[in-house]
Structures are given as structure tokens and as C-alpha cells.
Amino acid sequence: MPEDGVGLVQLSGAATTVLEAIRSAGGRPYLVGGCVRDALLAPGRRPKDVDIEVFGLELDRVAAALRRVGPVDEVGRSFAVLKVRRDGEDFDVSVPRTGGGDDPSVAASRRDYTVNALMFDPTTEVVLDAVGGLADLRAGVLRHSGPSFGEDPLRVLRGAQLAARFGFRLAPETALLCRSLAPAFVDLPGERIWEEWRKIGEKGRHVSAAVAVLGESGWLAHLPQLARLAGVPQDPRWHPEGDVLTHSGLAADAAAVLADEAGLTGDDRTVVVLGALLHDVGKAAYTQVRADGRITSHGHADGGVAPARELLTSIGAPSAVIGRITPIIREHMTAVTVEGRPSAAAVRRLARRLAPAAMAEWSLVCGADHAGRGSGSGPNPTTGWLAVAEESGVDRGPSRLLLRGDDLIALGHAPGPQYRAVMSAALAAQDDGEFTDHAGAVAWLSRIAAEGRLARYLAEG
């Protein structure tokens, strides 16, 4: 049923030009999908991504009209989608692919969720709600738009992504349908799976809601490393919020807030949010309930690296992202093992172990761990570590090795793999503060040569 939407969507000059070109060719353009949903959630804000669906005009004629306003990319032609660029903005322009193509209501019923099936007529400034999307948007409910939902099982993961971004919950009948689609997960391309998870990492603020959707839909079973955390107990003194899965979701929610406060975007935000979600995956195997009733999970930090890597690989995460998350998981308990202000040497060694992740990313995940404990939430234990890291110049990464291969050549040692043990020892000595500049590194090399250690290192190499 149409809804008044006067002033709802603020369009750029480029968007207006594209819409006018379609109208001039005889088409009826509607704004569709996320730009309408987001405008209803935050009226008056100019949408970043404008998707347009055209009725009453064949794809070839739409393409001809768009070429008059900007370059047209027809890579999506097989899906009846064109991309046009105007004044630095990109627009996806589509036509309905199936029967009833001249009826916006039929087209709406073929979209994924009702909150994404809302259409906005930019000519009349009316919102067309053919499948009850307005009511679901107000209620924060994800409900499938129609029987074609199952044609693309990725829509289940898209629901989790939308839940992460907006805190939506899954309608019971949609959860039932999603469970019937669970076997199709294994056939989904990794890059499409990662695209949804990337949005969770980059945009999600309610990651615990995404976990809930995955659980209700039966798709959490495809993430066994995370699913196994359900029901794993924690010491209520430190974790009154409940089991490890509950804590993991709350920690990811806290990480999103902390990452936004730090101004993180893209992969940097994803590393922190997913790092917090997965930081305790080792507890599934390392949690023990002792005879006296105490609950411990010694070793879970190291033990969490392998399952986290397995999960991230299964969802198509890039190796660069995996390589930054796993050392954070391994080191997320480090700060609580040292009382008071840590030594500069301890901080330098930690920065080396964390690479390629940065100390700041590690700190945010640790802070989220302590903020995601419900009534037991506490301050970030890494504050002192970050202060020392900044003083030591390793807050963004470990310091480079000061000893050079030329220094060994100058002592008459030919280059080769035998250098490895020497350089490893030099790194350890540098991080321990035995030298702080190149001259000190050369002096250290002369000293270990005089002591006979250099010859041993070369032999080991």
C-alpha cells in the first residue's frame, strides 16, 4: 500500500540526471532496496548507494538511455542489471527478469526480505509497500518477501548481515524456511559468503543479533567452531553474562562500538570485530569444570588459533585478514598475565608476536573482551601496554631489525641461510633492549663473536 514519502530521499544531481534519462525514454524508475530502507530508518539522509528498478522499458532501451548520461557497464546484463557512472557516482539499474515485469508489486515479492522490498517513486515521492515491509521495518523483523526466497540461499547470510547492522530479528516462518535451505551452504561460492561477512565486520554494530539469526536459521552449524561455544560454561565471577557464545556476541558488539570510536573502517574494523567474535573459540576444547566447582580454560588463547583460522577460511576471509586476527586471538590474555605497568621489553616482544596485527587492534579486542561481560564488564586492561608501546615506537608495528647482513659480511662471513639464527638472536636482543641503534647492534655482534656465541649461531643456521 502506498505511503507518503515527501522529502524522504535526498538525491544527488547525478541520481536526478539518471532518473530523468530513464523517464525521457518512457520508463518508470523506482528506487529500491537498501537506499529506501535506510532512508526510512534515517529520513532526510542522502543514500550512498542508489539502486534503481525500471518498469515499462526493455533492458536494451534502458541501456541506450543511460549511455546518454554516462559510461554503462553491462557486466550484469545476464541478470538484467546495468551499471552507469555519472559525476563519480555509480548506480545499479535493473529491469524485472520474470513474469509480471511491468508490475512493481510482483517485482517486490521476488526480493529477499520485506524490509528490502520497499520501493520509492521519485516522481510522486510515494513509498510502495507491496509485501508489508513498513510494518516489519518498524518491528525490526526480517521476513521473506515471497516464495522465490529460496532461489538464492545466500539470502540467509544476508539476513545475518542485516541483523548485524540493524539489530533485526528473524520471523519464525522465515527461520523455518532458512533451516530448509541449510544444506545449500556447501554450494555457495566463498567470495559471496565473505561479502556478507565483510559487511558484518565493516558495518555491523549488533553482531550478537547476527549470531542469533544464524542459530535460529540452523546455519550456525556451518560454523562449528562458533557453534560449539553454545552451552560452554564460564566462571560467573568473571563472566556473569552466561556461556561462551553469549560472551562472544557481546564482545563483538562492544568491539564494533570501540572500533567506531577509534575511526576504523574497512579491513581494520573487520579485524577488530571478527577478532572479538572469535577470541574465545579455544574455550570449546579447553574449558574444564574442576572438582571444587571452579571453571577454568587455561590454554584457550593458544588453542583458539587453529579453530579461528579454520572458521575464517571456511567463510572465504582473505589470508591478510586471517593473518591479523589469529595473533590477536593467541595474545588476548597477555595483558592480564602481568601486574602493573609492563616493561618496554615485554611490549616490544608482544608487538613482534602480534605482527602483522597492530597493538591498537589487539588493545581494542582485549577491551571488547572485558566490555562484553554484561554486568561483569570492566575497563580495558591494555591501557598501560599501549602507553609503553607509544613510548617505544611500536604501537603501529614492531621495530625493524637494526643488525644488517653487511655487518656479518664485514666480519668475513659469507651470506647464506646460516645468517638466520644470528638475525633471530639479534631480534630477541633488540626487543630486550640490549641495543637501540645500529651502532649498538654492531657492538652486540662483536660481543657475541668474542664470547663464541656467533659461531654457534652460524652453525645452527
# chains A, B, ... in the order shown; residues from 1 in each chain; ligands from 1
$ residues_around --residues "Val422 of chain A" --least-positions-apart "3" --cutoff "8 Å" --atoms "only C-alpha atoms" --output "PyMOL selection string"
chain A and resi 418-419+425-426+454+457-458+461
$ write_last_selection --atoms "all heavy atoms" --output "short mmCIF file (atom, residue, chain, number, x, y, z; two decimals), in the first residue's frame"
data_model
loop_
_atom_site.label_atom_id
_atom_site.label_comp_id
_atom_site.auth_asym_id
_atom_site.auth_seq_id
_atom_site.Cartn_x
_atom_site.Cartn_y
_atom_site.Cartn_z
N GLN A 418 72.87 -19.49 6.93
CA GLN A 418 73.44 -19.53 8.28
C GLN A 418 73.21 -18.21 9.03
O GLN A 418 73.41 -18.15 10.25
CB GLN A 418 74.94 -19.84 8.22
CG GLN A 418 75.81 -18.79 7.55
CD GLN A 418 75.93 -18.99 6.05
OE1 GLN A 418 75.12 -19.69 5.46
NE2 GLN A 418 76.94 -18.38 5.46
N TYR A 419 72.80 -17.18 8.32
CA TYR A 419 72.52 -15.90 8.97
C TYR A 419 71.24 -15.94 9.83
O TYR A 419 71.05 -15.11 10.70
CB TYR A 419 72.34 -14.80 7.92
CG TYR A 419 73.61 -14.19 7.37
CD1 TYR A 419 74.84 -14.84 7.49
CD2 TYR A 419 73.59 -12.96 6.72
CE1 TYR A 419 75.99 -14.29 6.96
CE2 TYR A 419 74.74 -12.39 6.20
CZ TYR A 419 75.93 -13.06 6.31
OH TYR A 419 77.07 -12.50 5.79
N ALA A 425 68.48 -14.18 16.90
CA ALA A 425 69.03 -13.79 18.21
C ALA A 425 69.13 -12.28 18.32
O ALA A 425 68.90 -11.70 19.40
CB ALA A 425 70.40 -14.44 18.39
N ALA A 426 69.47 -11.62 17.21
CA ALA A 426 69.58 -10.16 17.22
C ALA A 426 68.22 -9.52 17.48
O ALA A 426 68.12 -8.53 18.23
CB ALA A 426 70.15 -9.67 15.90
N LEU A 454 78.49 -16.23 18.39
CA LEU A 454 78.25 -16.01 16.96
C LEU A 454 78.54 -17.29 16.18
O LEU A 454 77.75 -17.66 15.29
CB LEU A 454 79.11 -14.87 16.47
CG LEU A 454 79.02 -14.58 14.95
CD1 LEU A 454 77.59 -14.29 14.55
CD2 LEU A 454 79.93 -13.42 14.58
N TYR A 457 75.69 -19.68 16.61
CA TYR A 457 74.51 -19.27 15.85
C TYR A 457 74.68 -19.59 14.37
O TYR A 457 73.76 -20.10 13.71
CB TYR A 457 74.25 -17.77 15.99
CG TYR A 457 73.76 -17.36 17.37
CD1 TYR A 457 74.16 -16.15 17.95
CD2 TYR A 457 72.88 -18.16 18.09
CE1 TYR A 457 73.72 -15.76 19.19
CE2 TYR A 457 72.42 -17.78 19.35
CZ TYR A 457 72.85 -16.57 19.89
OH TYR A 457 72.41 -16.19 21.12
N LEU A 458 75.87 -19.32 13.83
CA LEU A 458 76.13 -19.60 12.42
C LEU A 458 76.04 -21.11 12.14
O LEU A 458 75.55 -21.53 11.10
CB LEU A 458 77.49 -19.05 12.02
CG LEU A 458 77.58 -17.52 11.96
CD1 LEU A 458 79.02 -17.07 11.79
CD2 LEU A 458 76.73 -16.98 10.80
N GLY A 461 72.43 -22.07 12.03
CA GLY A 461 71.76 -21.61 10.82
C GLY A 461 72.01 -22.52 9.64
O GLY A 461 71.18 -22.66 8.77
#
$ select_by_dssp --residues "segment 115-345 of chain A" --states "alpha helix (DSSP H)" --output "NGL selection string"
:A and (133-139 or 154-166 or 172-181 or 190-203 or 207-217 or 224-227 or 244-261 or 266-278 or 283-286 or 300-303 or 305-314 or 319-330 or 344-345)
$ residues_around --residues "segment 153-162 of chain A" --least-positions-apart "2" --cutoff "8 Å" --atoms "only C-alpha atoms" --output "PyMOL selection string"
chain A and resi 112-113+142+149-151+164-168+170+178+181-182+184-185+188+192-193+196-197+199-200+204+209-211+213-214+217
$ write_last_selection --atoms "C-alpha atoms" --output "compact mmCIF listing (two decimals), in the first residue's frame"
# COMPACT_ATOMS: atom_id res chain seq x y z
CA ASP A 112 14.79 -11.15 -0.36
CA TYR A 113 13.29 -9.56 2.76
CA LEU A 142 13.35 -9.98 8.85
CA PHE A 149 13.32 -16.52 -1.44
CA GLY A 150 14.89 -19.97 -1.64
CA GLU A 151 16.19 -19.43 -5.16
CA ALA A 164 24.33 -7.27 12.50
CA ARG A 165 23.82 -3.83 11.01
CA PHE A 166 20.37 -3.01 12.32
CA GLY A 167 19.64 -5.39 15.19
CA PHE A 168 16.83 -7.14 13.28
CA LEU A 170 14.21 -13.35 12.18
CA CYS A 178 16.06 -20.86 6.22
CA LEU A 181 17.99 -24.18 2.92
CA ALA A 182 20.87 -25.04 5.24
CA ALA A 184 22.85 -25.41 0.24
CA PHE A 185 25.60 -23.65 2.17
CA LEU A 188 27.83 -21.20 -2.16
CA ARG A 192 29.85 -14.46 -1.91
CA ILE A 193 29.93 -15.80 1.64
CA GLU A 196 28.25 -10.85 3.69
CA TRP A 197 30.77 -11.43 6.47
CA LYS A 199 29.76 -6.27 5.70
CA ILE A 200 29.26 -7.67 9.19
CA GLY A 204 27.82 -4.43 11.98
CA ALA A 209 21.89 -10.37 16.64
CA ALA A 210 23.63 -11.91 13.62
CA VAL A 211 24.69 -14.87 15.77
CA VAL A 213 19.86 -15.28 13.29
CA LEU A 214 22.45 -17.90 12.38
CA SER A 217 18.12 -20.44 10.92
$ closest_residue --among "A:Pro318, A:Gly384, A:Gly372, A:Gly393" --to "Arg348 of chain A" --atoms "only C-alpha atoms"
A:Gly393
$ residues_around --residues "segment 239-241 of chain A" --least-positions-apart "2" --cutoff "10 Å" --atoms "only C-alpha atoms" --output "list of chain:residue names"
A:Pro233, A:Gln234, A:Asp235, A:Pro236, A:Arg237, A:Asp243, A:Val244, A:Thr246, A:His247, A:Leu250, A:His370, A:Gly372, A:Arg373, A:Gly374, A:Ser375, A:Gly376, A:Ser377
$ residues_around --residues "Lys283 of chain A" --least-positions-apart "2" --cutoff "9 Å" --atoms "only C-alpha atoms" --output "VMD selection string"
chain A and resid 229 232 244 280 to 281 285 to 288 297 to 301 303 to 304
$ write_last_selection --atoms "all heavy atoms" --output "mmCIF file, in the first residue's frame"
data_model
loop_
_atom_site.group_PDB
_atom_site.id
_atom_site.type_symbol
_atom_site.label_atom_id
_atom_site.label_comp_id
_atom_site.auth_asym_id
_atom_site.auth_seq_id
_atom_site.Cartn_x
_atom_site.Cartn_y
_atom_site.Cartn_z
ATOM 1 N N LEU A 229 30.536 -23.250 21.045
ATOM 2 C CA LEU A 229 30.628 -22.398 22.233
ATOM 3 C C LEU A 229 29.304 -22.300 22.977
ATOM 4 O O LEU A 229 29.272 -21.898 24.143
ATOM 5 C CB LEU A 229 31.092 -20.987 21.836
ATOM 6 C CG LEU A 229 32.454 -20.904 21.126
ATOM 7 C CD1 LEU A 229 32.804 -19.447 20.835
ATOM 8 C CD2 LEU A 229 33.547 -21.560 21.957
ATOM 9 N N VAL A 232 28.897 -23.757 26.656
ATOM 10 C CA VAL A 232 30.182 -23.896 27.354
ATOM 11 C C VAL A 232 30.184 -22.920 28.526
ATOM 12 O O VAL A 232 30.059 -21.708 28.336
ATOM 13 C CB VAL A 232 31.361 -23.606 26.413
ATOM 14 C CG1 VAL A 232 32.686 -23.640 27.184
ATOM 15 C CG2 VAL A 232 31.397 -24.620 25.276
ATOM 16 N N VAL A 244 29.891 -19.125 26.696
ATOM 17 C CA VAL A 244 30.926 -18.507 25.872
ATOM 18 C C VAL A 244 30.345 -17.907 24.592
ATOM 19 O O VAL A 244 30.802 -16.850 24.135
ATOM 20 C CB VAL A 244 32.028 -19.530 25.529
ATOM 21 C CG1 VAL A 244 33.122 -18.870 24.692
ATOM 22 C CG2 VAL A 244 32.640 -20.111 26.801
ATOM 23 N N ASP A 280 37.508 -16.274 21.824
ATOM 24 C CA ASP A 280 37.420 -17.357 22.807
ATOM 25 C C ASP A 280 37.038 -18.708 22.185
ATOM 26 O O ASP A 280 36.588 -19.609 22.904
ATOM 27 C CB ASP A 280 36.389 -17.005 23.887
ATOM 28 C CG ASP A 280 37.010 -16.236 25.053
ATOM 29 O OD1 ASP A 280 38.254 -16.167 25.139
ATOM 30 O OD2 ASP A 280 36.244 -15.690 25.871
ATOM 31 N N VAL A 281 37.227 -18.886 20.879
ATOM 32 C CA VAL A 281 36.818 -20.160 20.280
ATOM 33 C C VAL A 281 37.595 -21.339 20.868
ATOM 34 O O VAL A 281 37.130 -22.486 20.831
ATOM 35 C CB VAL A 281 36.958 -20.156 18.737
ATOM 36 C CG1 VAL A 281 35.916 -19.252 18.108
ATOM 37 C CG2 VAL A 281 38.363 -19.756 18.310
ATOM 38 N N ALA A 285 37.352 -26.404 23.629
ATOM 39 C CA ALA A 285 38.185 -27.577 23.906
ATOM 40 C C ALA A 285 38.956 -27.463 25.217
ATOM 41 O O ALA A 285 39.405 -28.478 25.759
ATOM 42 C CB ALA A 285 39.172 -27.801 22.755
ATOM 43 N N TYR A 286 39.085 -26.255 25.745
ATOM 44 C CA TYR A 286 39.973 -26.063 26.896
ATOM 45 C C TYR A 286 39.250 -25.749 28.199
ATOM 46 O O TYR A 286 39.892 -25.562 29.228
ATOM 47 C CB TYR A 286 40.984 -24.948 26.593
ATOM 48 C CG TYR A 286 42.090 -25.395 25.667
ATOM 49 C CD1 TYR A 286 41.881 -25.487 24.301
ATOM 50 C CD2 TYR A 286 43.339 -25.753 26.163
ATOM 51 C CE1 TYR A 286 42.873 -25.911 23.440
ATOM 52 C CE2 TYR A 286 44.353 -26.173 25.314
ATOM 53 C CZ TYR A 286 44.110 -26.254 23.949
ATOM 54 O OH TYR A 286 45.117 -26.687 23.114
ATOM 55 N N THR A 287 37.935 -25.693 28.175
ATOM 56 C CA THR A 287 37.195 -25.402 29.404
ATOM 57 C C THR A 287 37.046 -26.663 30.250
ATOM 58 O O THR A 287 36.688 -27.731 29.736
ATOM 59 C CB THR A 287 35.814 -24.814 29.080
ATOM 60 O OG1 THR A 287 35.994 -23.553 28.419
ATOM 61 C CG2 THR A 287 34.989 -24.605 30.345
ATOM 62 N N GLN A 288 37.305 -26.520 31.534
ATOM 63 C CA GLN A 288 37.174 -27.631 32.476
ATOM 64 C C GLN A 288 36.406 -27.174 33.710
ATOM 65 O O GLN A 288 36.594 -26.038 34.183
ATOM 66 C CB GLN A 288 38.552 -28.150 32.917
ATOM 67 C CG GLN A 288 39.369 -28.757 31.794
ATOM 68 C CD GLN A 288 40.697 -29.291 32.311
ATOM 69 O OE1 GLN A 288 41.179 -28.889 33.369
ATOM 70 N NE2 GLN A 288 41.284 -30.215 31.562
ATOM 71 N N SER A 297 39.870 -22.357 31.880
ATOM 72 C CA SER A 297 40.079 -22.572 30.440
ATOM 73 C C SER A 297 41.526 -22.262 30.075
ATOM 74 O O SER A 297 41.795 -21.582 29.087
ATOM 75 C CB SER A 297 39.125 -21.702 29.615
ATOM 76 O OG SER A 297 39.251 -20.333 29.970
ATOM 77 N N HIS A 298 42.453 -22.750 30.902
ATOM 78 C CA HIS A 298 43.872 -22.495 30.668
ATOM 79 C C HIS A 298 44.285 -23.024 29.292
ATOM 80 O O HIS A 298 43.949 -24.149 28.925
ATOM 81 C CB HIS A 298 44.715 -23.164 31.752
ATOM 82 C CG HIS A 298 44.402 -22.675 33.137
ATOM 83 N ND1 HIS A 298 44.473 -21.346 33.481
ATOM 84 C CD2 HIS A 298 43.999 -23.330 34.254
ATOM 85 C CE1 HIS A 298 44.143 -21.204 34.754
ATOM 86 N NE2 HIS A 298 43.834 -22.392 35.246
ATOM 87 N N GLY A 299 45.001 -22.185 28.552
ATOM 88 C CA GLY A 299 45.484 -22.584 27.231
ATOM 89 C C GLY A 299 44.542 -22.258 26.093
ATOM 90 O O GLY A 299 44.858 -22.532 24.931
ATOM 91 N N HIS A 300 43.389 -21.654 26.400
ATOM 92 C CA HIS A 300 42.407 -21.443 25.325
ATOM 93 C C HIS A 300 42.849 -20.394 24.316
ATOM 94 O O HIS A 300 42.381 -20.403 23.166
ATOM 95 C CB HIS A 300 41.039 -21.070 25.910
ATOM 96 C CG HIS A 300 40.936 -19.651 26.369
ATOM 97 N ND1 HIS A 300 41.366 -19.229 27.600
ATOM 98 C CD2 HIS A 300 40.446 -18.534 25.745
ATOM 99 C CE1 HIS A 300 41.135 -17.940 27.744
ATOM 100 N NE2 HIS A 300 40.584 -17.491 26.631
ATOM 101 N N ALA A 301 43.722 -19.480 24.724
ATOM 102 C CA ALA A 301 44.165 -18.449 23.782
ATOM 103 C C ALA A 301 44.987 -19.079 22.653
ATOM 104 O O ALA A 301 44.676 -18.905 21.466
ATOM 105 C CB ALA A 301 44.966 -17.373 24.507
ATOM 106 N N GLY A 303 45.064 -22.234 22.019
ATOM 107 C CA GLY A 303 44.211 -23.257 21.421
ATOM 108 C C GLY A 303 43.152 -22.706 20.494
ATOM 109 O O GLY A 303 42.552 -23.463 19.719
ATOM 110 N N GLY A 304 42.916 -21.398 20.532
ATOM 111 C CA GLY A 304 41.900 -20.805 19.677
ATOM 112 C C GLY A 304 42.389 -20.441 18.289
ATOM 113 O O GLY A 304 41.577 -20.154 17.398
#
$ residues_around --residues "Arg138 of chain A" --least-positions-apart "2" --cutoff "12 Å" --atoms "only C-alpha atoms" --output "MDAnalysis selection string"
chainID A and resid 37 40:41 114:115 132:136 140:142 166:169
$ closest_residue --among "A:Val271, A:Ile22, A:Val9, A:Ala357" --to "Ala256 of chain A" --atoms "only C-alpha atoms"
A:Val271
$ residues_around --residues "Ile328 of chain A" --least-positions-apart "4" --cutoff "12 Å" --atoms "only C-alpha atoms" --output "PyMOL selection string"
chain A and resi 271-280+301-302+304-305+308-309+321-324+332-335+350-366+369
$ closest_residue --among "A:Ala368, A:Leu177, A:Leu411, A:Val126" --to "Ala255 of chain A" --atoms "only C-alpha atoms"
A:Ala368
$ select_by_dssp --residues "segment 35-219 of chain A" --states "strand (DSSP E)" --output "JSON, numbers by chain"
{"A": [50, 51, 52, 53, 54, 55, 72, 73, 81, 82, 83, 84, 85, 86, 89, 90, 91, 92, 93, 94, 119, 120, 121, 126, 127, 128, 141, 142, 169, 170]}
$ atom_distance --atom1 "atom CA of Leu386 of chain A" --atom2 "atom CA of Pro398 of chain A"
12.9 Å
$ atom_distance --atom1 "atom CA of Val62 of chain A" --atom2 "atom CA of Arg28 of chain A"
10.5 Å
$ closest_residue --among "A:Asn116, A:Pro71, A:Thr123, A:Arg111" --to "Asp152 of chain A" --atoms "only C-alpha atoms"
A:Arg111
$ closest_residue --among "A:Pro47, A:Gly397, A:Gly13, A:Pro307" --to "Leu223 of chain A" --atoms "only C-alpha atoms"
A:Pro307
$ closest_residue --among "A:Met423, A:Val338, A:Ala65, A:Leu59" --to "Val95 of chain A" --atoms "only C-alpha atoms"
A:Leu59
$ atom_distance --atom1 "atom CA of Pro43 of chain A" --atom2 "atom CA of Leu19 of chain A"
20.3 Å
$ decode --residues "segment 270-392 of chain A" --atoms "C-alpha atoms" --output "mmCIF file, in the first residue's frame"
data_model
loop_
_atom_site.group_PDB
_atom_site.id
_atom_site.type_symbol
_atom_site.label_atom_id
_atom_site.label_comp_id
_atom_site.auth_asym_id
_atom_site.auth_seq_id
_atom_site.Cartn_x
_atom_site.Cartn_y
_atom_site.Cartn_z
ATOM 1 C CA THR A 270 36.696 -6.175 10.344
ATOM 2 C CA VAL A 271 39.828 -7.451 12.089
ATOM 3 C CA VAL A 272 38.703 -5.977 15.395
ATOM 4 C CA VAL A 273 35.037 -7.044 15.181
ATOM 5 C CA LEU A 274 35.665 -10.596 13.984
ATOM 6 C CA GLY A 275 38.689 -10.887 16.273
ATOM 7 C CA ALA A 276 36.418 -10.143 19.221
ATOM 8 C CA LEU A 277 33.754 -12.573 17.988
ATOM 9 C CA LEU A 278 36.305 -15.391 17.721
ATOM 10 C CA HIS A 279 38.707 -14.561 20.543
ATOM 11 C CA ASP A 280 37.420 -17.357 22.807
ATOM 12 C CA VAL A 281 36.818 -20.160 20.280
ATOM 13 C CA GLY A 282 39.519 -22.143 22.072
ATOM 14 C CA LYS A 283 37.322 -22.451 25.155
ATOM 15 C CA ALA A 284 35.264 -25.186 23.496
ATOM 16 C CA ALA A 285 38.185 -27.577 23.906
ATOM 17 C CA TYR A 286 39.973 -26.063 26.896
ATOM 18 C CA THR A 287 37.195 -25.402 29.404
ATOM 19 C CA GLN A 288 37.174 -27.631 32.476
ATOM 20 C CA VAL A 289 34.862 -27.776 35.474
ATOM 21 C CA ARG A 290 37.050 -28.755 38.415
ATOM 22 C CA ALA A 291 36.016 -30.955 41.298
ATOM 23 C CA ASP A 292 35.650 -27.888 43.541
ATOM 24 C CA GLY A 293 33.239 -26.355 41.025
ATOM 25 C CA ARG A 294 35.673 -23.815 39.607
ATOM 26 C CA ILE A 295 35.631 -23.334 35.836
ATOM 27 C CA THR A 296 38.940 -22.840 34.063
ATOM 28 C CA SER A 297 40.079 -22.572 30.440
ATOM 29 C CA HIS A 298 43.872 -22.495 30.668
ATOM 30 C CA GLY A 299 45.484 -22.584 27.231
ATOM 31 C CA HIS A 300 42.407 -21.443 25.325
ATOM 32 C CA ALA A 301 44.165 -18.449 23.782
ATOM 33 C CA ASP A 302 46.808 -20.551 22.008
ATOM 34 C CA GLY A 303 44.211 -23.257 21.421
ATOM 35 C CA GLY A 304 41.900 -20.805 19.677
ATOM 36 C CA VAL A 305 44.245 -20.026 16.800
ATOM 37 C CA ALA A 306 43.626 -23.176 14.753
ATOM 38 C CA PRO A 307 39.801 -23.202 15.010
ATOM 39 C CA ALA A 308 39.655 -19.469 14.273
ATOM 40 C CA ARG A 309 41.775 -19.969 11.179
ATOM 41 C CA GLU A 310 39.549 -22.866 10.089
ATOM 42 C CA LEU A 311 36.376 -20.820 10.521
ATOM 43 C CA LEU A 312 37.746 -17.757 8.742
ATOM 44 C CA THR A 313 38.980 -19.888 5.869
ATOM 45 C CA SER A 314 35.565 -21.573 5.565
ATOM 46 C CA ILE A 315 33.815 -18.200 5.130
ATOM 47 C CA GLY A 316 36.270 -17.035 2.482
ATOM 48 C CA ALA A 317 38.211 -14.499 4.544
ATOM 49 C CA PRO A 318 41.321 -13.175 2.765
ATOM 50 C CA SER A 319 44.628 -14.500 4.076
ATOM 51 C CA ALA A 320 45.689 -10.972 5.020
ATOM 52 C CA VAL A 321 42.684 -10.646 7.346
ATOM 53 C CA ILE A 322 43.232 -14.111 8.831
ATOM 54 C CA GLY A 323 46.889 -13.273 9.385
ATOM 55 C CA ARG A 324 45.957 -10.268 11.526
ATOM 56 C CA ILE A 325 43.150 -11.888 13.535
ATOM 57 C CA THR A 326 44.906 -15.085 14.622
ATOM 58 C CA PRO A 327 47.830 -13.474 16.508
ATOM 59 C CA ILE A 328 45.358 -11.232 18.345
ATOM 60 C CA ILE A 329 43.466 -14.334 19.478
ATOM 61 C CA ARG A 330 46.699 -16.000 20.582
ATOM 62 C CA GLU A 331 47.729 -12.950 22.624
ATOM 63 C CA HIS A 332 44.395 -11.768 24.006
ATOM 64 C CA MET A 333 45.231 -12.959 27.538
ATOM 65 C CA THR A 334 48.727 -11.440 27.631
ATOM 66 C CA ALA A 335 47.780 -8.181 29.333
ATOM 67 C CA VAL A 336 46.162 -9.911 32.326
ATOM 68 C CA THR A 337 49.241 -12.051 32.997
ATOM 69 C CA VAL A 338 51.357 -9.043 34.019
ATOM 70 C CA GLU A 339 50.534 -6.914 37.025
ATOM 71 C CA GLY A 340 51.067 -3.183 36.783
ATOM 72 C CA ARG A 341 52.898 -1.400 34.012
ATOM 73 C CA PRO A 342 54.678 -3.797 31.637
ATOM 74 C CA SER A 343 58.341 -3.424 30.760
ATOM 75 C CA ALA A 344 59.339 -1.939 27.436
ATOM 76 C CA ALA A 345 60.952 -5.276 26.560
ATOM 77 C CA ALA A 346 57.692 -7.156 27.184
ATOM 78 C CA VAL A 347 55.800 -4.704 24.986
ATOM 79 C CA ARG A 348 58.361 -4.884 22.174
ATOM 80 C CA ARG A 349 58.205 -8.678 22.240
ATOM 81 C CA LEU A 350 54.412 -8.579 22.145
ATOM 82 C CA ALA A 351 54.426 -6.215 19.164
ATOM 83 C CA ARG A 352 56.705 -8.678 17.369
ATOM 84 C CA ARG A 353 54.399 -11.621 18.129
ATOM 85 C CA LEU A 354 51.314 -9.700 17.033
ATOM 86 C CA ALA A 355 52.630 -8.680 13.616
ATOM 87 C CA PRO A 356 51.102 -8.128 11.115
ATOM 88 C CA ALA A 357 48.363 -7.027 13.529
ATOM 89 C CA ALA A 358 48.960 -3.752 15.344
ATOM 90 C CA MET A 359 48.995 -3.184 19.094
ATOM 91 C CA ALA A 360 45.993 -0.855 18.738
ATOM 92 C CA GLU A 361 43.904 -3.624 17.145
ATOM 93 C CA TRP A 362 44.907 -6.071 19.877
ATOM 94 C CA SER A 363 44.012 -3.488 22.514
ATOM 95 C CA LEU A 364 40.535 -2.956 21.072
ATOM 96 C CA VAL A 365 39.809 -6.690 21.019
ATOM 97 C CA CYS A 366 41.017 -7.063 24.601
ATOM 98 C CA GLY A 367 38.924 -4.058 25.597
ATOM 99 C CA ALA A 368 35.891 -5.611 23.908
ATOM 100 C CA ASP A 369 36.528 -8.882 25.755
ATOM 101 C CA HIS A 370 36.281 -7.038 29.078
ATOM 102 C CA ALA A 371 33.361 -4.847 27.952
ATOM 103 C CA GLY A 372 31.337 -7.820 26.722
ATOM 104 C CA ARG A 373 30.627 -9.397 30.087
ATOM 105 C CA GLY A 374 27.232 -7.968 30.896
ATOM 106 C CA SER A 375 27.111 -6.773 34.498
ATOM 107 C CA GLY A 376 30.687 -8.011 34.912
ATOM 108 C CA SER A 377 32.124 -5.669 32.270
ATOM 109 C CA GLY A 378 35.286 -3.841 33.239
ATOM 110 C CA PRO A 379 37.950 -1.466 31.936
ATOM 111 C CA ASN A 380 40.412 -2.297 29.203
ATOM 112 C CA PRO A 381 43.482 -3.963 30.777
ATOM 113 C CA THR A 382 45.783 -2.921 27.925
ATOM 114 C CA THR A 383 45.919 0.826 28.589
ATOM 115 C CA GLY A 384 49.376 0.669 30.151
ATOM 116 C CA TRP A 385 50.638 -1.587 27.366
ATOM 117 C CA LEU A 386 49.576 0.909 24.717
ATOM 118 C CA ALA A 387 51.260 3.757 26.573
ATOM 119 C CA VAL A 388 54.561 1.869 26.677
ATOM 120 C CA ALA A 389 54.139 0.865 23.033
ATOM 121 C CA GLU A 390 53.795 4.502 22.011
ATOM 122 C CA GLU A 391 56.834 5.457 24.068
ATOM 123 C CA SER A 392 58.788 2.623 22.451
#
